Amino acid sequence: MSSLFMFEKPLGMRDSLPEIYETKYIVKQKMDKEIKQWGYQFIETPTLEYYDTVGAASAILDQQLFKLLDQQGHTLVLRPDMTAPIARVAASKLLNEDLPLRLAYNASVFRAQQREGGRPAEFEQIGVEYIGDKTVSADGEGIALMISSLEKAGVHKYQLSVGHIGFVQAFFEQILGTKERADALTKYLYEKNYVGYRQHVDNLSLSSIDKQRLHDFLKLRGGEEIIPLAYKLIENGSGTQAIDDLQQLWDILLDYGVENQVRFDLTLVSHMSYYTGILYEAYAEGVGFPIGSGGRYDLLLAKFGKNTGATGFAIRIDHLLEALGSLVRKSDIHCILFSGDRRKEAFELAKQKRADGFKVITQDINGVGNVDACTKQYDEITLLVGKAGMEVVK
């Protein structure tokens with residue numbers, strides 16, 4: 001092996017050192033428990049999926065897929081998200097009853113990066129999929145559960161932005177006439193390039209009234225007070241239905257008591273192309289990326305032969321840890337240092353303490369280069385050396 005690659009990792013891959021691993025473990029346990037208490041059941045799907053099914057159904061760009069061939073020559077992909085694999089499972093094995101499914105997952109996904117830029121190619125998500133319910137109540141449950149999960153994880157300074165992709169599409173196509181022209185303008189929203197958006201609008205061949213409507217669209221951010229403003233901007237049925245959905249959603253969130261954590265942002269769009277309705281993103285103080293996102297994807301299940309509604313969300317564990325800030329300490333370990341003649345005594349003491357729920361290591365004192373360093377590493381040090389009694393150093 002070339003020395004150039006001895007300590008290198010593939011582009012975008014990361015190591016999780018003990019403190020990060022332990023923090024992730026604790027945080028995921030808390031959210032797992034909360035999600036289960038809302039009646040969701042966890043499932044696992046394969047890391048590898050067929051490109052022609054899950055790869056094609058996923059909303060992730062083709063150049064971001066990790067592809068490989070199996071021995072039969074079929075193209076496989078490392079799963080780029082969890083929504084498409086769960087849709088496959090639900091459509092093929094679980095949607096046999098006329099009842100909604102509440103499924104959850106805790107897994108890694110893989111998206112190739114073209115350059116480093118601090119962006120991981122593998123990252124962990126915890127999330128839910130609520131399949132088989134087309135009502136706004138399902139969207140409200142997803143938002144309330146995301147908020148509850150973030151609270152349980154220890155994130156308290158955050159906000160959810162909620163929009164409706166159906167409103168954006170209907171509004172833009174109503175004014176611009178074609179999907180292609182609407183997509184060109186939508187790209188500025190996805191990039192959050194509002195200066196570019198305004199310049200693009202100013203250069204369009206439109207009436208001054210329609211240009212003003214497109215500029216006023218950027219003001220649709222806030223609480224329930226933006227609902228009447230949205231009605232004034234839209235003119236056709238599909239757009240007004242989207243606003244009706246948001247008004248109903250607001251009433252549902254009021255009943256959950258989570259309205260203070262939510263604000264509307266009708267300029268919100270997503271790179272996940274399968275979203276069809278209400279969508280949302282969670283932002284935390286001090287984090288430059290969404291720590292979680294979700295939305296309705298009523299057309300995805302049809303790709304697997306089932307015509308039903310679905311909604312869900314995913315929380316990014318790496319961004320969540322950034323929001324939490326501090327890592328758990330790894331030094332809550334009891335170290336028993338022993339000499340050879342007291343080895344059995346050390347092992348019996350360790351066994352007893354582990355049975356009492358403590359984390360314990362036993363260490364031959366001859367294998368420690370610097371005994372003083374142990375006092376900095378571990379919370380408690382017990383010396384079993386020579387013929388003396390047990391000495392607790394720390």
# chains A, B, ... in the order shown; residues from 1 in each chain; ligands from 1
$ residues_around --residues "Val195 of chain A" --least-positions-apart "5" --cutoff "12 Å" --atoms "only C-alpha atoms" --output "VMD selection string"
chain A and resid 185 188 to 189 200 to 202 215 218
$ write_last_selection --atoms "C-alpha atoms" --output "PDB file, in the first residue's frame"
ATOM      1  CA  LEU A 185     -36.819  30.535 -10.619  1.00  0.00           C
ATOM      2  CA  TYR A 188     -32.783  30.459  -6.579  1.00  0.00           C
ATOM      3  CA  LEU A 189     -35.040  29.538  -3.659  1.00  0.00           C
ATOM      4  CA  HIS A 200     -34.060  37.172 -12.302  1.00  0.00           C
ATOM      5  CA  VAL A 201     -37.609  38.426 -11.727  1.00  0.00           C
ATOM      6  CA  ASP A 202     -36.660  41.939 -12.829  1.00  0.00           C
ATOM      7  CA  HIS A 215     -41.380  40.008  -5.236  1.00  0.00           C
ATOM      8  CA  LEU A 218     -40.579  36.530  -0.626  1.00  0.00           C
TER       9      LEU A 218
END
$ residues_around --residues "Gly386 of chain A" --least-positions-apart "2" --cutoff "8 Å" --atoms "only C-alpha atoms" --output "ChimeraX atom specification"
/A:339,341-342,384,388
$ write_last_selection --atoms "N, CA, C and O atoms" --output "compact mmCIF listing (two decimals), in the first residue's frame"
# COMPACT_ATOMS: atom_id res chain seq x y z
N SER A 339 -1.21 -5.61 40.22
CA SER A 339 0.04 -6.32 40.00
C SER A 339 -0.28 -7.80 39.82
O SER A 339 -1.39 -8.25 40.14
N ASP A 341 0.38 -10.56 41.27
CA ASP A 341 -0.01 -11.40 42.40
C ASP A 341 -1.43 -11.10 42.89
O ASP A 341 -1.95 -11.84 43.73
N ARG A 342 -2.06 -10.03 42.37
CA ARG A 342 -3.42 -9.69 42.82
C ARG A 342 -4.40 -9.65 41.63
O ARG A 342 -5.45 -9.03 41.71
N LEU A 384 -4.47 -2.21 43.22
CA LEU A 384 -4.31 -3.51 43.88
C LEU A 384 -2.89 -3.98 43.55
O LEU A 384 -2.67 -4.73 42.61
N ALA A 388 -0.37 -4.88 49.96
CA ALA A 388 -1.16 -3.85 50.67
C ALA A 388 -2.64 -4.05 50.38
O ALA A 388 -3.04 -4.76 49.46
$ closest_residue --among "A:Gly132, A:Gly325, A:Gly140, A:Gly154" --to "Tyr280 of chain A" --atoms "only C-alpha atoms"
A:Gly140
$ closest_atom_pairs --of "segment 99-121 of chain A" --to "segment 41-46 of chain A" --cutoff "12 Å" --atoms "only C-alpha atoms" --output "tab-separated table"
residue	atom	partner	partner_atom	distance
A:Leu101	CA	A:Gln41	CA	8.9
A:Arg102	CA	A:Gln41	CA	6.4
A:Leu103	CA	A:Gln41	CA	4.9
A:Ala104	CA	A:Phe42	CA	4.4
A:Tyr105	CA	A:Phe42	CA	5.2
A:Asn106	CA	A:Phe42	CA	7.7
A:Ala107	CA	A:Glu44	CA	7.8
A:Ser108	CA	A:Thr45	CA	10.6
A:Val109	CA	A:Pro46	CA	10.8
$ write_last_selection --atoms "N, CA and C atoms" --output "compact mmCIF listing (two decimals), in the first residue's frame"
# COMPACT_ATOMS: atom_id res chain seq x y z
N LEU A 101 -49.35 2.89 8.15
CA LEU A 101 -48.15 2.33 8.75
C LEU A 101 -47.34 3.45 9.40
N ARG A 102 -46.84 3.17 10.58
CA ARG A 102 -45.92 4.11 11.24
C ARG A 102 -44.60 3.37 11.43
N LEU A 103 -43.63 3.70 10.58
CA LEU A 103 -42.34 3.02 10.57
C LEU A 103 -41.23 4.01 10.91
N ALA A 104 -40.15 3.49 11.48
CA ALA A 104 -39.02 4.33 11.87
C ALA A 104 -37.72 3.64 11.52
N TYR A 105 -36.64 4.40 11.49
CA TYR A 105 -35.33 3.85 11.14
C TYR A 105 -34.23 4.64 11.83
N ASN A 106 -33.09 4.00 11.94
CA ASN A 106 -31.88 4.60 12.49
C ASN A 106 -30.74 4.00 11.69
N ALA A 107 -30.23 4.73 10.70
CA ALA A 107 -29.33 4.10 9.73
C ALA A 107 -28.42 5.13 9.07
N SER A 108 -27.39 4.63 8.41
CA SER A 108 -26.49 5.47 7.62
C SER A 108 -26.95 5.50 6.17
N VAL A 109 -26.77 6.65 5.52
CA VAL A 109 -27.01 6.78 4.09
C VAL A 109 -25.73 7.29 3.43
$ closest_residue --among "A:Gly222, A:Gly309, A:Gly12, A:Gly357" --to "Ile131 of chain A" --atoms "only C-alpha atoms"
A:Gly309
$ select_by_dssp --residues "segment 87-294 of chain A" --states "strand (DSSP E or B)" --output "ChimeraX atom specification"
/A:101-110,122-131,158-164,221-222,262-265,278-284,292-294
$ select_by_dssp --residues "segment 275-359 of chain A" --states "helix (DSSP H, G or I)" --output "VMD selection string"
chain A and resid 301 to 304 317 to 324 340 to 355
$ write_last_selection --atoms "C-alpha atoms" --output "compact mmCIF listing (two decimals), in the first residue's frame"
# COMPACT_ATOMS: atom_id res chain seq x y z
CA LEU A 301 -45.29 4.71 -3.36
CA ALA A 302 -46.82 4.60 -6.87
CA LYS A 303 -43.34 3.79 -8.22
CA PHE A 304 -43.59 0.53 -6.28
CA ILE A 317 -27.18 13.04 13.60
CA ASP A 318 -23.98 14.93 12.70
CA HIS A 319 -25.81 18.27 12.49
CA LEU A 320 -27.68 17.44 15.68
CA LEU A 321 -24.39 16.90 17.54
CA GLU A 322 -23.20 20.27 16.27
CA ALA A 323 -26.35 21.84 17.73
CA LEU A 324 -25.76 20.14 21.08
CA GLY A 340 0.41 -9.93 38.92
CA ASP A 341 -0.01 -11.40 42.40
CA ARG A 342 -3.42 -9.69 42.82
CA ARG A 343 -4.82 -10.30 39.34
CA LYS A 344 -7.64 -12.63 40.47
CA GLU A 345 -8.70 -10.16 43.15
CA ALA A 346 -8.82 -7.41 40.52
CA PHE A 347 -10.94 -9.50 38.17
CA GLU A 348 -13.41 -10.38 40.95
CA LEU A 349 -13.72 -6.73 42.01
CA ALA A 350 -14.33 -5.69 38.40
CA LYS A 351 -17.00 -8.36 37.98
CA GLN A 352 -18.79 -7.13 41.09
CA LYS A 353 -18.70 -3.50 40.00
CA ARG A 354 -19.95 -4.32 36.50
CA ALA A 355 -22.85 -6.20 38.06
$ residues_around --residues "segment 239-242 of chain A" --least-positions-apart "5" --cutoff "9 Å" --atoms "only C-alpha atoms" --output "ChimeraX atom specification"
/A:164-171,230-231,234,247,277-278
$ closest_atom_pairs --of "segment 161-222 of chain A" --to "segment 261-273 of chain A" --cutoff "6 Å" --atoms "only C-alpha atoms" --output "Markdown table"
| residue | atom | partner | partner_atom | distance |
| --- | --- | --- | --- | --- |
| A:Ser161 | CA | A:Arg263 | CA | 5.2 |
| A:Val162 | CA | A:Phe264 | CA | 4.7 |
| A:Gly163 | CA | A:Leu266 | CA | 4.5 |
| A:Tyr190 | CA | A:Val269 | CA | 5.7 |
| A:Leu220 | CA | A:Leu266 | CA | 5.6 |
| A:Arg221 | CA | A:Asp265 | CA | 4.4 |
| A:Gly222 | CA | A:Phe264 | CA | 5.1 |
$ write_last_selection --atoms "all heavy atoms" --output "PDB file, in the first residue's frame"
ATOM      1  N   SER A 161     -39.212  25.580  10.033  1.00  0.00           N
ATOM      2  CA  SER A 161     -39.795  26.370   8.950  1.00  0.00           C
ATOM      3  C   SER A 161     -40.666  25.441   8.116  1.00  0.00           C
ATOM      4  O   SER A 161     -40.227  24.367   7.716  1.00  0.00           O
ATOM      5  CB  SER A 161     -38.704  26.986   8.081  1.00  0.00           C
ATOM      6  OG  SER A 161     -37.949  27.930   8.813  1.00  0.00           O
ATOM      7  N   VAL A 162     -41.907  25.868   7.861  1.00  0.00           N
ATOM      8  CA  VAL A 162     -42.884  25.023   7.174  1.00  0.00           C
ATOM      9  C   VAL A 162     -43.363  25.724   5.906  1.00  0.00           C
ATOM     10  O   VAL A 162     -43.717  26.909   5.936  1.00  0.00           O
ATOM     11  CB  VAL A 162     -44.096  24.717   8.077  1.00  0.00           C
ATOM     12  CG1 VAL A 162     -45.124  23.871   7.331  1.00  0.00           C
ATOM     13  CG2 VAL A 162     -43.643  24.012   9.351  1.00  0.00           C
ATOM     14  N   GLY A 163     -43.354  24.990   4.805  1.00  0.00           N
ATOM     15  CA  GLY A 163     -43.865  25.504   3.535  1.00  0.00           C
ATOM     16  C   GLY A 163     -44.736  24.471   2.849  1.00  0.00           C
ATOM     17  O   GLY A 163     -45.129  23.465   3.450  1.00  0.00           O
ATOM     18  N   TYR A 190     -34.009  27.332  -3.719  1.00  0.00           N
ATOM     19  CA  TYR A 190     -33.275  26.220  -3.123  1.00  0.00           C
ATOM     20  C   TYR A 190     -31.894  26.667  -2.650  1.00  0.00           C
ATOM     21  O   TYR A 190     -31.423  26.276  -1.579  1.00  0.00           O
ATOM     22  CB  TYR A 190     -33.150  25.071  -4.126  1.00  0.00           C
ATOM     23  CG  TYR A 190     -32.201  23.992  -3.668  1.00  0.00           C
ATOM     24  CD1 TYR A 190     -32.476  23.243  -2.533  1.00  0.00           C
ATOM     25  CD2 TYR A 190     -31.014  23.749  -4.354  1.00  0.00           C
ATOM     26  CE1 TYR A 190     -31.602  22.274  -2.085  1.00  0.00           C
ATOM     27  CE2 TYR A 190     -30.136  22.776  -3.912  1.00  0.00           C
ATOM     28  CZ  TYR A 190     -30.434  22.045  -2.787  1.00  0.00           C
ATOM     29  OH  TYR A 190     -29.560  21.089  -2.335  1.00  0.00           O
ATOM     30  N   LEU A 220     -43.614  36.036   2.363  1.00  0.00           N
ATOM     31  CA  LEU A 220     -44.511  35.053   2.982  1.00  0.00           C
ATOM     32  C   LEU A 220     -43.765  34.210   4.020  1.00  0.00           C
ATOM     33  O   LEU A 220     -43.600  32.996   3.896  1.00  0.00           O
ATOM     34  CB  LEU A 220     -45.141  34.166   1.909  1.00  0.00           C
ATOM     35  CG  LEU A 220     -46.044  34.892   0.908  1.00  0.00           C
ATOM     36  CD1 LEU A 220     -46.623  33.915  -0.106  1.00  0.00           C
ATOM     37  CD2 LEU A 220     -47.162  35.644   1.624  1.00  0.00           C
ATOM     38  N   ARG A 221     -43.305  34.873   5.061  1.00  0.00           N
ATOM     39  CA  ARG A 221     -42.616  34.219   6.165  1.00  0.00           C
ATOM     40  C   ARG A 221     -43.162  34.776   7.469  1.00  0.00           C
ATOM     41  O   ARG A 221     -43.234  35.985   7.639  1.00  0.00           O
ATOM     42  CB  ARG A 221     -41.103  34.457   6.113  1.00  0.00           C
ATOM     43  CG  ARG A 221     -40.419  33.996   4.835  1.00  0.00           C
ATOM     44  CD  ARG A 221     -38.902  34.066   5.018  1.00  0.00           C
ATOM     45  NE  ARG A 221     -38.205  33.799   3.785  1.00  0.00           N
ATOM     46  CZ  ARG A 221     -37.607  34.729   3.049  1.00  0.00           C
ATOM     47  NH1 ARG A 221     -37.640  35.991   3.428  1.00  0.00           N
ATOM     48  NH2 ARG A 221     -36.980  34.410   1.933  1.00  0.00           N
ATOM     49  N   GLY A 222     -43.529  33.880   8.376  1.00  0.00           N
ATOM     50  CA  GLY A 222     -44.044  34.338   9.657  1.00  0.00           C
ATOM     51  C   GLY A 222     -45.021  33.346  10.243  1.00  0.00           C
ATOM     52  O   GLY A 222     -44.961  32.146   9.973  1.00  0.00           O
TER      53      GLY A 222
END
$ residues_around --residues "segment 48-65 of chain A" --least-positions-apart "6" --cutoff "9 Å" --atoms "only C-alpha atoms" --output "number ranges by chain"
A: 74-85, 87-88, 110-114, 121, 271-274, 300, 303-304
$ write_last_selection --atoms "C-alpha atoms" --output "PDB file, in the first residue's frame"
ATOM      1  CA  HIS A  74     -26.861  -5.871 -11.976  1.00  0.00           C
ATOM      2  CA  THR A  75     -26.121  -2.285 -10.965  1.00  0.00           C
ATOM      3  CA  LEU A  76     -26.413  -1.739  -7.222  1.00  0.00           C
ATOM      4  CA  VAL A  77     -26.299   1.429  -5.135  1.00  0.00           C
ATOM      5  CA  LEU A  78     -25.439   2.160  -1.540  1.00  0.00           C
ATOM      6  CA  ARG A  79     -28.759   3.491  -0.230  1.00  0.00           C
ATOM      7  CA  PRO A  80     -28.746   7.296  -0.719  1.00  0.00           C
ATOM      8  CA  ASP A  81     -31.729   7.863   1.577  1.00  0.00           C
ATOM      9  CA  MET A  82     -34.111   5.793   3.693  1.00  0.00           C
ATOM     10  CA  THR A  83     -37.454   6.957   2.338  1.00  0.00           C
ATOM     11  CA  ALA A  84     -37.229   5.066  -0.975  1.00  0.00           C
ATOM     12  CA  PRO A  85     -36.132   1.735   0.614  1.00  0.00           C
ATOM     13  CA  ALA A  87     -41.400   2.741   0.412  1.00  0.00           C
ATOM     14  CA  ARG A  88     -40.208  -0.431  -1.340  1.00  0.00           C
ATOM     15  CA  PHE A 110     -24.401   7.390   1.382  1.00  0.00           C
ATOM     16  CA  ARG A 111     -24.037  10.267  -1.060  1.00  0.00           C
ATOM     17  CA  ALA A 112     -20.872  10.761  -3.091  1.00  0.00           C
ATOM     18  CA  GLN A 113     -19.162  14.147  -2.887  1.00  0.00           C
ATOM     19  CA  GLN A 114     -17.300  15.799  -5.739  1.00  0.00           C
ATOM     20  CA  ALA A 121     -20.381  11.069   2.058  1.00  0.00           C
ATOM     21  CA  HIS A 271     -33.704  19.141  -3.363  1.00  0.00           C
ATOM     22  CA  MET A 272     -35.822  16.040  -2.642  1.00  0.00           C
ATOM     23  CA  SER A 273     -37.888  16.048  -5.804  1.00  0.00           C
ATOM     24  CA  TYR A 274     -40.496  13.555  -4.574  1.00  0.00           C
ATOM     25  CA  LEU A 300     -43.393   7.866  -4.345  1.00  0.00           C
ATOM     26  CA  LYS A 303     -43.337   3.792  -8.222  1.00  0.00           C
ATOM     27  CA  PHE A 304     -43.592   0.532  -6.284  1.00  0.00           C
TER      28      PHE A 304
END
$ closest_residue --among "A:Phe5, A:Arg14, A:Tyr21, A:Thr178" --to "Leu327 of chain A" --atoms "only C-alpha atoms"
A:Tyr21
$ closest_atom_pairs --of "segment 111-153 of chain A" --to "segment 251-254 of chain A" --cutoff "12 Å" --atoms "only C-alpha atoms" --output "Markdown table"
| residue | atom | partner | partner_atom | distance |
| --- | --- | --- | --- | --- |
| A:Thr135 | CA | A:Ile252 | CA | 11.4 |
| A:Val136 | CA | A:Ile252 | CA | 8.4 |
| A:Ser137 | CA | A:Ile252 | CA | 7.0 |
| A:Ala138 | CA | A:Ile252 | CA | 9.9 |
| A:Asp139 | CA | A:Ile252 | CA | 9.3 |
| A:Gly140 | CA | A:Ile252 | CA | 6.1 |
| A:Glu141 | CA | A:Leu253 | CA | 8.5 |
| A:Gly142 | CA | A:Leu253 | CA | 10.5 |
| A:Ile143 | CA | A:Leu253 | CA | 8.2 |
| A:Ala144 | CA | A:Leu253 | CA | 7.2 |
| A:Leu145 | CA | A:Leu253 | CA | 11.0 |
| A:Ile147 | CA | A:Leu253 | CA | 10.9 |
$ atom_distance --atom1 "atom CA of Tyr283 of chain A" --atom2 "atom CA of Leu160 of chain A"
6.3 Å
$ atom_distance --atom1 "atom CA of Ser149 of chain A" --atom2 "atom CA of Asp298 of chain A"
23.9 Å
$ residues_around --residues "segment 362-368 of chain A" --least-positions-apart "5" --cutoff "6 Å" --atoms "only C-alpha atoms" --output "VMD selection string"
chain A and resid 335 to 339
$ write_last_selection --atoms "C-alpha atoms" --output "mmCIF file, in the first residue's frame"
data_model
loop_
_atom_site.group_PDB
_atom_site.id
_atom_site.type_symbol
_atom_site.label_atom_id
_atom_site.label_comp_id
_atom_site.auth_asym_id
_atom_site.auth_seq_id
_atom_site.Cartn_x
_atom_site.Cartn_y
_atom_site.Cartn_z
ATOM 1 C CA CYS A 335 -9.858 1.652 36.350
ATOM 2 C CA ILE A 336 -8.442 -1.105 38.537
ATOM 3 C CA LEU A 337 -4.656 -1.236 38.329
ATOM 4 C CA PHE A 338 -3.238 -4.536 39.563
ATOM 5 C CA SER A 339 0.043 -6.323 40.002
#
